[in-house]
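work07.csv, holding CSV, N, CA and C atoms:
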chain,number,residue,atom,x,y,z
A,105,MET,N,0.9,-1.2,0.0
A,105,MET,CA,0.0,0.0,0.0
A,105,MET,C,0.9,1.2,0.0
A,106,SER,N,0.5,2.2,-0.8
A,106,SER,CA,1.3,3.4,-0.9
A,106,SER,C,0.9,4.4,0.1
A,107,ASN,N,1.6,5.5,0.1
A,107,ASN,CA,1.3,6.6,1.1
A,107,ASN,C,0.7,7.8,0.4
A,108,ASN,N,0.0,7.5,-0.7
A,108,ASN,CA,-0.6,8.6,-1.6
A,108,ASN,C,-2.0,8.9,-1.1
A,109,PHE,N,-2.2,9.6,0.0
A,109,PHE,CA,-3.5,9.9,0.5
A,109,PHE,C,-4.1,11.0,-0.3
A,110,GLU,N,-5.4,10.9,-0.6
A,110,GLU,CA,-6.2,11.9,-1.3
A,110,GLU,C,-7.4,12.3,-0.4
A,111,ARG,N,-7.7,13.6,-0.4
A,111,ARG,CA,-8.8,14.1,0.4
A,111,ARG,C,-10.1,13.6,-0.2
A,112,LEU,N,-10.9,13.1,0.6
A,112,LEU,CA,-12.3,12.7,0.2
A,112,LEU,C,-13.2,13.9,0.2
A,113,GLU,N,-14.1,14.0,-0.8
A,113,GLU,CA,-15.1,15.0,-0.8
A,113,GLU,C,-16.1,14.7,0.2
A,114,SER,N,-16.8,15.7,0.7
A,114,SER,CA,-17.7,15.6,1.8
A,114,SER,C,-18.9,14.7,1.5
A,115,ASP,N,-19.3,14.5,0.2
A,115,ASP,CA,-20.4,13.6,-0.1
A,115,ASP,C,-20.0,12.3,-0.7
A,116,GLU,N,-18.8,11.9,-0.7
A,116,GLU,CA,-18.4,10.6,-1.1
A,116,GLU,C,-18.7,9.6,0.0
A,117,VAL,N,-18.7,8.3,-0.3
A,117,VAL,CA,-19.2,7.4,0.7
A,117,VAL,C,-18.1,6.4,1.1
A,118,VAL,N,-18.0,6.2,2.4
A,118,VAL,CA,-16.9,5.3,3.0
A,118,VAL,C,-17.6,4.1,3.6
A,119,SER,N,-17.1,2.9,3.4
A,119,SER,CA,-17.6,1.7,4.1
A,119,SER,C,-16.5,1.1,4.9
A,120,VAL,N,-16.8,0.8,6.2
A,120,VAL,CA,-15.8,0.2,7.0
A,120,VAL,C,-16.4,-1.1,7.6
A,121,ASP,N,-15.5,-2.0,8.0
A,121,ASP,CA,-15.9,-3.2,8.7
A,121,ASP,C,-16.5,-2.8,10.0
A,122,GLU,N,-17.5,-3.6,10.5
A,122,GLU,CA,-18.2,-3.3,11.8
A,122,GLU,C,-17.2,-3.0,12.9
A,123,SER,N,-16.1,-3.7,12.9
A,123,SER,CA,-15.1,-3.6,14.0
A,123,SER,C,-14.4,-2.3,14.0
A,124,TRP,N,-14.4,-1.5,12.9
A,124,TRP,CA,-13.7,-0.3,12.8
A,124,TRP,C,-14.6,1.0,13.0
A,125,LYS,N,-15.9,0.8,13.3
A,125,LYS,CA,-16.8,1.9,13.5
A,125,LYS,C,-16.4,2.7,14.7
A,126,ILE,N,-16.4,4.1,14.5
A,126,ILE,CA,-16.3,5.0,15.6
A,126,ILE,C,-17.3,6.1,15.4
A,127,VAL,N,-17.8,6.6,16.5
A,127,VAL,CA,-18.6,7.8,16.6
A,127,VAL,C,-20.0,7.6,15.8
A,128,ILE,N,-20.0,6.9,14.7
A,128,ILE,CA,-21.2,6.7,13.9
A,128,ILE,C,-21.6,5.3,14.0
A,129,ASN,N,-22.9,5.0,14.1
A,129,ASN,CA,-23.3,3.6,14.3
A,129,ASN,C,-23.4,2.9,12.9
A,130,ASN,N,-23.3,3.6,11.8
A,130,ASN,CA,-23.4,2.9,10.5
A,130,ASN,C,-22.0,2.5,10.0
A,131,SER,N,-21.9,1.5,9.3
A,131,SER,CA,-20.6,1.1,8.7
A,131,SER,C,-20.4,1.8,7.4
A,132,THR,N,-21.4,2.5,6.8
A,132,THR,CA,-21.2,3.3,5.6
A,132,THR,C,-21.6,4.7,6.0
A,133,PHE,N,-20.8,5.7,5.6
A,133,PHE,CA,-21.1,7.1,6.0
A,133,PHE,C,-20.3,8.0,5.0
A,134,LYS,N,-20.7,9.3,5.0
A,134,LYS,CA,-20.0,10.3,4.2
A,134,LYS,C,-19.0,11.0,5.1
A,135,PRO,N,-17.9,11.4,4.6
A,135,PRO,CA,-16.9,12.1,5.4
A,135,PRO,C,-17.5,13.2,6.3
A,136,ARG,N,-18.4,14.0,5.7
A,136,ARG,CA,-18.9,15.1,6.4
A,136,ARG,C,-19.7,14.6,7.6
A,137,GLU,N,-20.3,13.5,7.5
A,137,GLU,CA,-21.1,12.9,8.7
A,137,GLU,C,-20.1,12.5,9.8
A,138,LEU,N,-19.0,11.9,9.4
A,138,LEU,CA,-18.0,11.5,10.5
A,138,LEU,C,-17.4,12.8,11.1
A,139,ILE,N,-17.1,13.8,10.4
A,139,ILE,CA,-16.5,15.0,10.9
A,139,ILE,C,-17.5,15.7,11.8
A,140,GLU,N,-18.8,15.8,11.4
A,140,GLU,CA,-19.8,16.4,12.2
A,140,GLU,C,-20.0,15.6,13.5
A,141,ALA,N,-20.0,14.3,13.4
A,141,ALA,CA,-20.2,13.5,14.6
A,141,ALA,C,-19.0,13.6,15.6
A,142,LEU,N,-17.8,13.7,15.1
A,142,LEU,CA,-16.6,14.0,15.9
A,142,LEU,C,-16.7,15.3,16.6
A,143,LEU,N,-17.1,16.3,15.9
A,143,LEU,CA,-17.2,17.7,16.5
A,143,LEU,C,-18.3,17.7,17.5
A,144,THR,N,-19.4,17.1,17.2
A,144,THR,CA,-20.5,17.0,18.2
A,144,THR,C,-20.1,16.3,19.4
A,145,LEU,N,-19.3,15.2,19.3
A,145,LEU,CA,-18.8,14.5,20.5
A,145,LEU,C,-18.0,15.4,21.3
A,146,LEU,N,-17.1,16.1,20.7
A,146,LEU,CA,-16.2,17.1,21.4
A,146,LEU,C,-17.1,18.2,22.1
A,147,LYS,N,-18.0,18.7,21.3
A,147,LYS,CA,-18.9,19.8,21.8
A,147,LYS,C,-19.6,19.3,23.1
A,148,ASN,N,-20.1,18.0,23.1
A,148,ASN,CA,-20.9,17.5,24.2
A,148,ASN,C,-20.0,17.0,25.4
A,149,SER,N,-18.7,16.8,25.2
A,149,SER,CA,-17.9,16.2,26.3
A,149,SER,C,-16.7,17.0,26.7
A,150,ASP,N,-16.3,18.0,26.0
A,150,ASP,CA,-15.1,18.7,26.3
A,150,ASP,C,-15.4,20.1,26.8
A,151,GLU,N,-15.0,20.4,28.0
A,151,GLU,CA,-15.2,21.7,28.7
A,151,GLU,C,-14.6,22.8,27.9
A,152,VAL,N,-13.4,22.6,27.4
A,152,VAL,CA,-12.7,23.6,26.6
A,152,VAL,C,-13.5,24.0,25.3
A,153,PHE,N,-14.0,22.9,24.7
A,153,PHE,CA,-14.8,23.1,23.5
A,153,PHE,C,-16.1,23.9,23.7
A,154,LYS,N,-16.7,23.7,24.9
A,154,LYS,CA,-17.9,24.3,25.3
A,154,LYS,C,-17.8,25.8,25.6
A,155,ARG,N,-16.6,26.2,26.0
A,155,ARG,CA,-16.5,27.6,26.3
A,155,ARG,C,-16.4,28.5,25.1
A,156,GLY,N,-17.0,29.6,25.1
A,156,GLY,CA,-16.9,30.5,23.9
A,156,GLY,C,-17.9,30.2,22.9
A,157,ASN,N,-17.6,30.5,21.7
A,157,ASN,CA,-18.5,30.3,20.5
A,157,ASN,C,-18.5,28.9,20.0
A,158,VAL,N,-19.4,28.1,20.5
A,158,VAL,CA,-19.5,26.6,20.2
A,158,VAL,C,-19.8,26.5,18.7
A,159,GLU,N,-20.7,27.2,18.2
A,159,GLU,CA,-21.1,27.0,16.8
A,159,GLU,C,-19.9,27.4,15.9
A,160,GLY,N,-19.1,28.4,16.3
A,160,GLY,CA,-18.0,28.8,15.5
A,160,GLY,C,-16.9,27.7,15.5
A,161,LYS,N,-16.8,27.0,16.6
A,161,LYS,CA,-15.8,25.9,16.7
A,161,LYS,C,-16.2,24.8,15.8
A,162,MET,N,-17.5,24.7,15.5
A,162,MET,CA,-17.9,23.6,14.5
A,162,MET,C,-17.4,23.9,13.1
A,163,GLN,N,-16.9,25.1,12.9
A,163,GLN,CA,-16.3,25.4,11.6
A,163,GLN,C,-15.1,24.6,11.3
A,164,TRP,N,-14.4,24.0,12.3
A,164,TRP,CA,-13.3,23.1,12.1
A,164,TRP,C,-13.6,22.1,11.0
A,165,GLY,N,-14.8,21.6,10.9
A,165,GLY,CA,-15.2,20.6,10.0
A,165,GLY,C,-16.0,21.1,8.8
A,166,ARG,N,-16.3,22.4,8.8
A,166,ARG,CA,-17.1,22.9,7.7
A,166,ARG,C,-16.2,23.7,6.8
A,167,GLU,N,-16.3,25.1,6.8
A,167,GLU,CA,-15.5,25.9,5.8
A,167,GLU,C,-14.1,26.2,6.4
A,168,GLY,N,-13.8,25.8,7.6
A,168,GLY,CA,-12.5,26.0,8.1
A,168,GLY,C,-12.4,27.2,9.1
A,169,ILE,N,-11.3,27.3,9.8
A,169,ILE,CA,-11.1,28.3,10.7
A,169,ILE,C,-9.9,29.2,10.3
A,170,PRO,N,-9.9,30.5,10.6
A,170,PRO,CA,-8.8,31.3,10.2
A,170,PRO,C,-7.5,30.9,11.1
A,171,VAL,N,-6.4,30.8,10.4
A,171,VAL,CA,-5.1,30.4,11.0
A,171,VAL,C,-4.0,31.1,10.3
A,172,GLN,N,-2.8,31.0,10.9
A,172,GLN,CA,-1.5,31.3,10.3
A,172,GLN,C,-0.7,30.1,10.3
A,173,VAL,N,0.0,29.8,9.2
A,173,VAL,CA,0.8,28.6,9.1
A,173,VAL,C,2.2,28.9,8.7
A,174,LEU,N,3.1,28.3,9.3
A,174,LEU,CA,4.5,28.4,8.9
A,174,LEU,C,4.9,27.1,8.3
A,175,ARG,N,5.1,27.1,6.9
A,175,ARG,CA,5.3,25.9,6.1
A,175,ARG,C,6.8,25.8,5.7
A,176,TYR,N,7.2,24.6,5.4
A,176,TYR,CA,8.5,24.3,4.9
A,176,TYR,C,8.8,25.1,3.7
A,177,GLY,N,9.9,25.8,3.6
A,177,GLY,CA,10.3,26.5,2.4
A,177,GLY,C,9.6,27.9,2.2
A,178,ALA,N,8.7,28.2,3.2
A,178,ALA,CA,8.0,29.5,3.0
A,178,ALA,C,8.8,30.6,3.7
A,179,ASN,N,8.5,31.8,3.3
A,179,ASN,CA,9.2,33.0,3.9
A,179,ASN,C,8.2,33.6,4.9
A,180,GLY,N,8.2,33.0,6.1
A,180,GLY,CA,7.3,33.6,7.1
A,180,GLY,C,5.9,32.9,7.2
A,181,TRP,N,5.1,33.5,8.0
A,181,TRP,CA,3.8,33.0,8.3
A,181,TRP,C,2.9,33.3,7.1
A,182,GLN,N,1.9,32.4,6.8
A,182,GLN,CA,1.0,32.6,5.8
A,182,GLN,C,-0.4,32.5,6.4
A,183,LYS,N,-1.3,33.5,6.1
A,183,LYS,CA,-2.6,33.5,6.6
A,183,LYS,C,-3.5,32.6,5.7
A,184,GLY,N,-4.5,32.0,6.3
A,184,GLY,CA,-5.4,31.2,5.5
A,184,GLY,C,-6.4,30.5,6.4
A,185,LYS,N,-6.9,29.3,6.0
A,185,LYS,CA,-7.8,28.5,6.8
A,185,LYS,C,-7.4,27.1,6.9
A,186,VAL,N,-7.8,26.4,7.9
A,186,VAL,CA,-7.6,24.9,8.0
A,186,VAL,C,-9.0,24.3,8.4
A,187,ARG,N,-9.1,23.1,8.0
A,187,ARG,CA,-10.3,22.3,8.4
A,187,ARG,C,-10.0,20.9,8.5
A,188,ILE,N,-10.8,20.2,9.3
A,188,ILE,CA,-10.6,18.7,9.4
A,188,ILE,C,-11.2,18.0,8.2
A,189,SER,N,-10.4,17.1,7.7
A,189,SER,CA,-10.9,16.3,6.5
A,189,SER,C,-10.6,14.9,6.7
A,190,LEU,N,-11.2,14.0,5.8
A,190,LEU,CA,-10.9,12.6,5.8
A,190,LEU,C,-10.2,12.3,4.5
A,191,GLU,N,-9.1,11.5,4.6
A,191,GLU,CA,-8.3,11.2,3.4
A,191,GLU,C,-8.4,9.7,3.1
A,192,PHE,N,-8.1,9.3,1.9
A,192,PHE,CA,-8.2,7.9,1.4
A,192,PHE,C,-6.9,7.6,0.7
A,193,CYS,N,-6.3,6.4,0.9
A,193,CYS,CA,-5.2,6.0,0.2
A,193,CYS,C,-5.5,4.7,-0.5
A,194,PRO,N,-5.6,4.6,-1.8
A,194,PRO,CA,-6.0,3.4,-2.5
A,194,PRO,C,-4.9,2.3,-2.4
A,195,ASP,N,-5.3,1.1,-2.3
A,195,ASP,CA,-4.4,0.0,-2.2
A,195,ASP,C,-3.6,-0.1,-3.5
A,196,VAL,N,-4.2,0.1,-4.6
A,196,VAL,CA,-3.6,0.1,-5.9
A,196,VAL,C,-3.6,1.6,-6.4
A,197,PRO,N,-2.4,2.1,-6.7
A,197,PRO,CA,-2.4,3.5,-7.2
A,197,PRO,C,-3.1,3.7,-8.6
A,198,LYS,N,-3.6,4.9,-8.8
A,198,LYS,CA,-4.2,5.1,-10.1
A,198,LYS,C,-3.2,4.9,-11.2
A,199,VAL,N,-3.7,4.3,-12.3
A,199,VAL,CA,-2.9,4.1,-13.5
A,199,VAL,C,-3.3,5.3,-14.5
A,200,GLN,N,-2.2,6.0,-14.9
A,200,GLN,CA,-2.5,7.1,-15.8
A,200,GLN,C,-2.6,6.5,-17.2
A,201,LYS,N,-3.6,7.1,-18.0
A,201,LYS,CA,-3.8,6.7,-19.3
A,201,LYS,C,-2.7,7.2,-20.2
A,202,THR,N,-2.3,6.5,-21.2
A,202,THR,CA,-1.4,7.0,-22.2
A,202,THR,C,-2.0,6.6,-23.5
A,203,SER,N,-1.9,7.6,-24.5
A,203,SER,CA,-2.4,7.3,-25.8
A,203,SER,C,-1.4,6.5,-26.6
A,204,THR,N,-2.0,5.7,-27.5
A,204,THR,CA,-1.2,4.9,-28.4
A,204,THR,C,-0.6,5.8,-29.4
A,205,PRO,N,0.6,5.5,-30.0
A,205,PRO,CA,1.3,6.4,-30.9
A,205,PRO,C,0.4,6.9,-32.1
A,206,ASN,N,-0.5,6.1,-32.7
A,206,ASN,CA,-1.2,6.6,-33.8
A,206,ASN,C,-2.6,7.1,-33.5
A,207,GLN,N,-3.0,7.1,-32.2
A,207,GLN,CA,-4.3,7.6,-31.8
A,207,GLN,C,-4.2,8.9,-31.0
A,208,PRO,N,-5.0,9.9,-31.4
A,208,PRO,CA,-5.0,11.1,-30.6
A,208,PRO,C,-5.6,10.8,-29.2
A,209,GLU,N,-5.1,11.5,-28.2
A,209,GLU,CA,-5.6,11.4,-26.8
A,209,GLU,C,-6.9,12.2,-26.8
A,210,THR,N,-8.0,11.6,-26.3
A,210,THR,CA,-9.3,12.2,-26.2
A,210,THR,C,-9.7,12.2,-24.7
A,211,SER,N,-10.4,13.3,-24.3
A,211,SER,CA,-10.8,13.4,-22.9
A,211,SER,C,-12.2,12.9,-22.7
A,212,GLU,N,-13.0,12.7,-23.8
A,212,GLU,CA,-14.3,12.2,-23.6
A,212,GLU,C,-14.5,10.8,-24.3
A,213,PRO,N,-15.3,10.0,-23.8
A,213,PRO,CA,-15.5,8.6,-24.4
A,213,PRO,C,-16.2,8.8,-25.8
A,214,GLU,N,-15.8,7.8,-26.6
A,214,GLU,CA,-16.4,7.9,-28.0
A,214,GLU,C,-17.9,7.5,-28.0
A,215,SER,N,-18.7,8.3,-28.7
A,215,SER,CA,-20.1,8.1,-28.8
A,215,SER,C,-20.4,7.0,-29.8
A,216,PRO,N,-21.4,6.1,-29.6
A,216,PRO,CA,-21.8,5.1,-30.5
A,216,PRO,C,-22.1,5.8,-31.9
A,217,LEU,N,-22.5,7.0,-31.9
A,217,LEU,CA,-22.9,7.7,-33.1
A,217,LEU,C,-21.7,8.2,-33.9
A,218,ASP,N,-20.5,8.2,-33.3
A,218,ASP,CA,-19.3,8.7,-34.0
A,218,ASP,C,-19.0,7.8,-35.2
A,219,GLU,N,-19.2,6.5,-35.2
A,219,GLU,CA,-18.9,5.7,-36.3
A,219,GLU,C,-19.8,6.0,-37.5
A,220,ILE,N,-21.1,6.3,-37.2
A,220,ILE,CA,-22.1,6.7,-38.2
A,220,ILE,C,-21.7,8.0,-38.8
A,221,ARG,N,-21.3,8.9,-38.0
A,221,ARG,CA,-20.9,10.2,-38.5
A,221,ARG,C,-19.7,10.1,-39.4
A,222,ARG,N,-18.7,9.2,-39.1
A,222,ARG,CA,-17.5,9.1,-39.9
A,222,ARG,C,-17.9,8.5,-41.3
A,223,MET,N,-18.9,7.6,-41.3
A,223,MET,CA,-19.3,6.9,-42.5
A,223,MET,C,-20.0,8.0,-43.4
A,224,GLN,N,-20.7,9.0,-42.9
A,224,GLN,CA,-21.4,10.0,-43.6
A,224,GLN,C,-20.4,11.1,-44.1
A,225,GLY,N,-19.3,11.3,-43.3
A,225,GLY,CA,-18.5,12.4,-43.5
A,225,GLY,C,-17.7,12.4,-44.7
Would you mind giving the structure from this file in structure tokens?
Amino acid sequence: MSNNFERLESDEVVSVDESWKIVINNSTFKPRELIEALLTLLKNSDEVFKRGNVEGKMQWGREGIPVQVLRYGANGWQKGKVRISLEFCPDVPKVQKTSTPNQPETSEPESPLDEIRRMQG
């Protein structure tokens, strides 16, 4: 397994074995559901989280919170936002398509009507 993690979009679906379930009772869930459940768990059990603007703290899993970050190779602090996300690392890395030497590379699949159009053309 590689270490090429990719951020999952909030509405993609994750399925885990029953023994790996945390915070959510379902074995299939969307990343946003897991993040919201984690934040709700914190909100309900953590005194530090409860103090201040609780709804604002929920932004950790939504649009993010304002921060400053000092990154490798950067010239000083950079302002921006961070948020909690869920990442996925496929067991088999993606295979990149390569075009054959005599065929142009196309980004859209060929339509069944293309052959008829070529015959008429």
### Task
Go through A:Ile126, A:Ile169, A:Leu112, A:Val120 one by one, measure the shortest atom-to-atom distance of each to Leu138 of chain A using only N, CA and C atoms, and give the residue with the smallest value.
A:Ile126
### Task
Find, counting all atoms listed in the file, the residue in A:Asn179, A:Asn148, A:Thr132, A:Ser189 that gets nearest to Trp164 of chain A.
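Counting all atoms listed in the file, the residue closest to Trp164 of chain A is A:Ser189.
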### Task
Go through A:Arg175, A:Arg166, A:Arg155, A:Lys134 one by one, measure the shortest atom-to-atom distance of each to Ile188 of chain A using all atoms listed in the file, and give the residue with the smallest value.
A:Arg166
### Task
Figure out the distance between atom CA of Val118 of chain A and atom N of Leu146 of chain A, please, to one decimal in Å.
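Computing the Euclidean distance for atom N of Leu146 of chain A and atom CA of Val118 of chain A yields 20.7 Å.
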### Message
Which of segment 124-169 of chain A end up as helix (DSSP H, G or I) when DSSP is run on this backbone - answer as a list in words?
### Response
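Residues meeting the helix (DSSP H, G or I) criterion: Trp124, Pro135, Arg136, Glu137, Leu138, Ile139, Glu140, Ala141, Leu142, Leu143, Thr144, Leu145, Leu146, Lys147, Asn148, Ser149, Glu151, Val152, Phe153, Lys154, Val158, Glu159, Gly160, Lys161, Met162, Gln163, Trp164 and Gly165 of chain A.
The space between atom CA of Thr144 of chain A and atom CA of Gly168 of chain A spans 15.7 Å.
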### Query
For the atom pair atom CA of Pro170 of chain A and atom CA of Gly184 of chain A, what is the interatomic distance in Å to one decimal place?
5.8 Å
Padding 6 Å on each side, edges along x, y and z: where is the centre of the box around the listed atoms of segment 108-126 of chain A, and how long are its edges in Å to one decimal? Output it as AutoDock Vina command-line options.
--center_x -10.2 --center_y 6.0 --center_z 7.0 --size_x 32.4 --size_y 31.4 --size_z 29.2
### Query
Which residues, written as a list of chain:residue names, have at least one atom at most 7 Å from Phe109 of chain A, with only C-alpha atoms counted and residues fewer than 5 positions away on the same chain left out?
A:Glu191, A:Phe192, A:Cys193
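Non-sequential neighbours of Glu167 of chain A (distance at most 8 Å, separation of 5 or more positions within a chain, all atoms listed in the file) are Met162, Lys185, Val186, Arg187 and Ile188 of chain A.
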As a JSON list (two decimals), in the frame of the given file, the rebuilt segment 122-133 of chain A with N, CA, C and O atoms:
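Listing of out_34.json after writing:
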[["chain", "number", "residue", "atom", "x", "y", "z"],
["A", 122, "GLU", "N", -17.50, -3.60, 10.50],
["A", 122, "GLU", "CA", -18.20, -3.30, 11.80],
["A", 122, "GLU", "C", -17.20, -3.00, 12.90],
["A", 122, "GLU", "O", -17.42, -2.19, 13.76],
["A", 123, "SER", "N", -16.10, -3.70, 12.90],
["A", 123, "SER", "CA", -15.10, -3.60, 14.00],
["A", 123, "SER", "C", -14.40, -2.30, 14.00],
["A", 123, "SER", "O", -13.77, -1.90, 15.04],
["A", 124, "TRP", "N", -14.40, -1.50, 12.90],
["A", 124, "TRP", "CA", -13.70, -0.30, 12.80],
["A", 124, "TRP", "C", -14.60, 1.00, 13.00],
["A", 124, "TRP", "O", -14.16, 2.09, 12.94],
["A", 125, "LYS", "N", -15.90, 0.80, 13.30],
["A", 125, "LYS", "CA", -16.80, 1.90, 13.50],
["A", 125, "LYS", "C", -16.40, 2.70, 14.70],
["A", 125, "LYS", "O", -16.11, 2.18, 15.75],
["A", 126, "ILE", "N", -16.40, 4.10, 14.50],
["A", 126, "ILE", "CA", -16.30, 5.00, 15.60],
["A", 126, "ILE", "C", -17.30, 6.10, 15.40],
["A", 126, "ILE", "O", -17.56, 6.51, 14.32],
["A", 127, "VAL", "N", -17.80, 6.60, 16.50],
["A", 127, "VAL", "CA", -18.60, 7.80, 16.60],
["A", 127, "VAL", "C", -20.00, 7.60, 15.80],
["A", 127, "VAL", "O", -20.97, 8.15, 16.23],
["A", 128, "ILE", "N", -20.00, 6.90, 14.70],
["A", 128, "ILE", "CA", -21.20, 6.70, 13.90],
["A", 128, "ILE", "C", -21.60, 5.30, 14.00],
["A", 128, "ILE", "O", -20.70, 4.39, 13.89],
["A", 129, "ASN", "N", -22.90, 5.00, 14.10],
["A", 129, "ASN", "CA", -23.30, 3.60, 14.30],
["A", 129, "ASN", "C", -23.40, 2.90, 12.90],
["A", 129, "ASN", "O", -23.51, 1.65, 12.93],
["A", 130, "ASN", "N", -23.30, 3.60, 11.80],
["A", 130, "ASN", "CA", -23.40, 2.90, 10.50],
["A", 130, "ASN", "C", -22.00, 2.50, 10.00],
["A", 130, "ASN", "O", -21.03, 3.22, 10.31],
["A", 131, "SER", "N", -21.90, 1.50, 9.30],
["A", 131, "SER", "CA", -20.60, 1.10, 8.70],
["A", 131, "SER", "C", -20.40, 1.80, 7.40],
["A", 131, "SER", "O", -19.29, 1.75, 6.84],
["A", 132, "THR", "N", -21.40, 2.50, 6.80],
["A", 132, "THR", "CA", -21.20, 3.30, 5.60],
["A", 132, "THR", "C", -21.60, 4.70, 6.00],
["A", 132, "THR", "O", -22.61, 4.93, 6.72],
["A", 133, "PHE", "N", -20.80, 5.70, 5.60],
["A", 133, "PHE", "CA", -21.10, 7.10, 6.00],
["A", 133, "PHE", "C", -20.30, 8.00, 5.00],
["A", 133, "PHE", "O", -19.45, 7.57, 4.25]]
